[in-house]
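Structure first, commentary second.
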Amino acid sequence: MHYMRTKMATDFEAKESFGTKIIRMLLFFIPEGNPGYREKLHLVNEWFVEFDEENMPYREIGLNSNGTPVLAGPDKKNYGYWLDTNMTLKDFEGEEISKAEFEKLWELYFSSEANKNYAF
């Protein structure tokens, strides 16, 4: 397993454009892959990503500018942002982190009262 921190995909807008809202309304009947992420993606300043033995994203944590986890996946409700790509470890830019650092933030996120219903 490899663990990485990256600033990739941290430029989401806080407010949806009018066009995005229209498309979302037209496609309301199609389930979203990450419904719990939509309201929080703009808060992500950095990602911690765990990779499996094939170097594919396996788990992820989105951190805000204070280093606090604001989203994590996969869980019961969300598939995961990076897990829903065909990217591998070699496609990521960033620096390696330790398993302990990743696990500490994973536990912190899922131990909070607001996120207990989403854990595996």
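Chain identifiers are assigned as A, B, and so on, following the order in which chains appear in the structure tokens; residues are numbered from 1 within each chain, and ligands are numbered from 1 in order of appearance.
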
Cut-off 10 Å: closest region 32-62 of chain A/region 85-97 of chain A atom pairs per residue, using only C-alpha atoms, as CSV:
residue,atom,partner,partner_atom,distance
A:Glu46,CA,A:Gly94,CA,9.9
A:Trp47,CA,A:Gly94,CA,9.5
A:Phe48,CA,A:Ile97,CA,8.2
A:Val49,CA,A:Ile97,CA,9.2
A:Glu50,CA,A:Leu89,CA,9.3
A:Phe51,CA,A:Leu89,CA,7.0
A:Asp52,CA,A:Leu89,CA,9.4
A:Glu54,CA,A:Thr88,CA,8.1
A:Asn55,CA,A:Leu89,CA,5.2
A:Met56,CA,A:Thr88,CA,4.8
A:Pro57,CA,A:Thr88,CA,6.7

Got a sec: who's within 9 Å of region 32-45 of chain A, counting only C-alpha atoms, leaving out chain neighbours fewer than 4 positions off, as a PDB file with C-alpha atoms, in the first residue's frame?
ATOM      1  CA  LYS A   7      -3.291  19.320  -3.960  1.00  0.00           C
ATOM      2  CA  MET A   8      -4.755  18.009  -7.225  1.00  0.00           C
ATOM      3  CA  ALA A   9      -8.499  18.660  -7.752  1.00  0.00           C
ATOM      4  CA  THR A  10      -8.821  21.292  -5.053  1.00  0.00           C
ATOM      5  CA  ASP A  11     -10.253  24.076  -7.199  1.00  0.00           C
ATOM      6  CA  PHE A  12     -13.984  23.427  -6.920  1.00  0.00           C
ATOM      7  CA  GLU A  13     -16.293  26.429  -6.807  1.00  0.00           C
ATOM      8  CA  ALA A  14     -18.450  26.959  -3.732  1.00  0.00           C
ATOM      9  CA  LYS A  15     -21.479  27.801  -5.834  1.00  0.00           C
ATOM     10  CA  PHE A  28     -32.608  14.208 -11.040  1.00  0.00           C
ATOM     11  CA  GLY A  62     -10.403  15.515   1.793  1.00  0.00           C
ATOM     12  CA  LEU A  63      -8.892  18.063   4.186  1.00  0.00           C
ATOM     13  CA  ASN A  64      -9.775  21.719   4.546  1.00  0.00           C
ATOM     14  CA  SER A  65      -7.217  24.534   4.856  1.00  0.00           C
ATOM     15  CA  ASN A  66      -6.871  23.816   8.600  1.00  0.00           C
ATOM     16  CA  GLY A  67      -5.987  20.163   7.964  1.00  0.00           C
ATOM     17  CA  PRO A  69     -11.040  16.089   7.347  1.00  0.00           C
ATOM     18  CA  VAL A  70     -14.240  17.342   5.680  1.00  0.00           C
ATOM     19  CA  LEU A  71     -15.020  14.235   3.605  1.00  0.00           C
ATOM     20  CA  ALA A  72     -13.780  10.685   3.247  1.00  0.00           C
ATOM     21  CA  GLY A  73     -14.660   7.688   1.182  1.00  0.00           C
ATOM     22  CA  PRO A  74     -15.686   5.218   0.274  1.00  0.00           C
ATOM     23  CA  LYS A  77     -23.196   6.715   0.950  1.00  0.00           C
ATOM     24  CA  ASN A  78     -20.257   7.821  -1.213  1.00  0.00           C
ATOM     25  CA  TYR A  79     -18.115   5.869  -3.651  1.00  0.00           C
ATOM     26  CA  GLY A  80     -15.234   8.338  -3.621  1.00  0.00           C
ATOM     27  CA  TYR A  81     -13.871  11.043  -5.889  1.00  0.00           C
ATOM     28  CA  ASP A  84     -14.209   6.899  -9.565  1.00  0.00           C
TER      29      ASP A  84
END

Which of region 53-95 of chain A counts as strand (DSSP E or B) under DSSP, as an MDAnalysis selection string please?
chainID A and resid 57:63 69:73 95

Using the selection just defined, write its residues with N, CA and C atoms as a compact mmCIF listing (two decimals), in the first residue's frame.
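Result written to part38.txt:
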# COMPACT_ATOMS: atom_id res chain seq x y z
N PRO A 57 -6.41 4.03 -6.49
CA PRO A 57 -6.95 4.64 -5.28
C PRO A 57 -7.92 3.70 -4.57
N TYR A 58 -7.78 3.60 -3.26
CA TYR A 58 -8.58 2.67 -2.47
C TYR A 58 -9.44 3.40 -1.43
N ARG A 59 -8.84 4.37 -0.74
CA ARG A 59 -9.57 5.23 0.19
C ARG A 59 -9.03 6.65 0.03
N GLU A 60 -9.84 7.63 0.45
CA GLU A 60 -9.45 9.03 0.30
C GLU A 60 -10.00 9.87 1.43
N ILE A 61 -9.29 10.93 1.72
CA ILE A 61 -9.72 11.89 2.74
C ILE A 61 -9.50 13.28 2.17
N GLY A 62 -10.53 14.12 2.20
CA GLY A 62 -10.40 15.51 1.79
C GLY A 62 -10.24 16.38 3.03
N LEU A 63 -9.19 17.21 3.04
CA LEU A 63 -8.89 18.06 4.19
C LEU A 63 -9.11 19.53 3.83
N PRO A 69 -10.31 16.87 8.36
CA PRO A 69 -11.04 16.09 7.35
C PRO A 69 -12.48 16.60 7.19
N VAL A 70 -12.88 16.89 5.95
CA VAL A 70 -14.24 17.34 5.68
C VAL A 70 -15.05 16.32 4.89
N LEU A 71 -14.35 15.35 4.29
CA LEU A 71 -15.02 14.23 3.61
C LEU A 71 -14.06 13.08 3.50
N ALA A 72 -14.61 11.89 3.37
CA ALA A 72 -13.78 10.68 3.25
C ALA A 72 -14.61 9.60 2.59
N GLY A 73 -13.94 8.77 1.84
CA GLY A 73 -14.66 7.69 1.18
C GLY A 73 -13.71 6.60 0.73
N GLU A 95 3.27 14.15 -2.40
CA GLU A 95 4.33 13.54 -1.61
C GLU A 95 3.77 12.37 -0.82
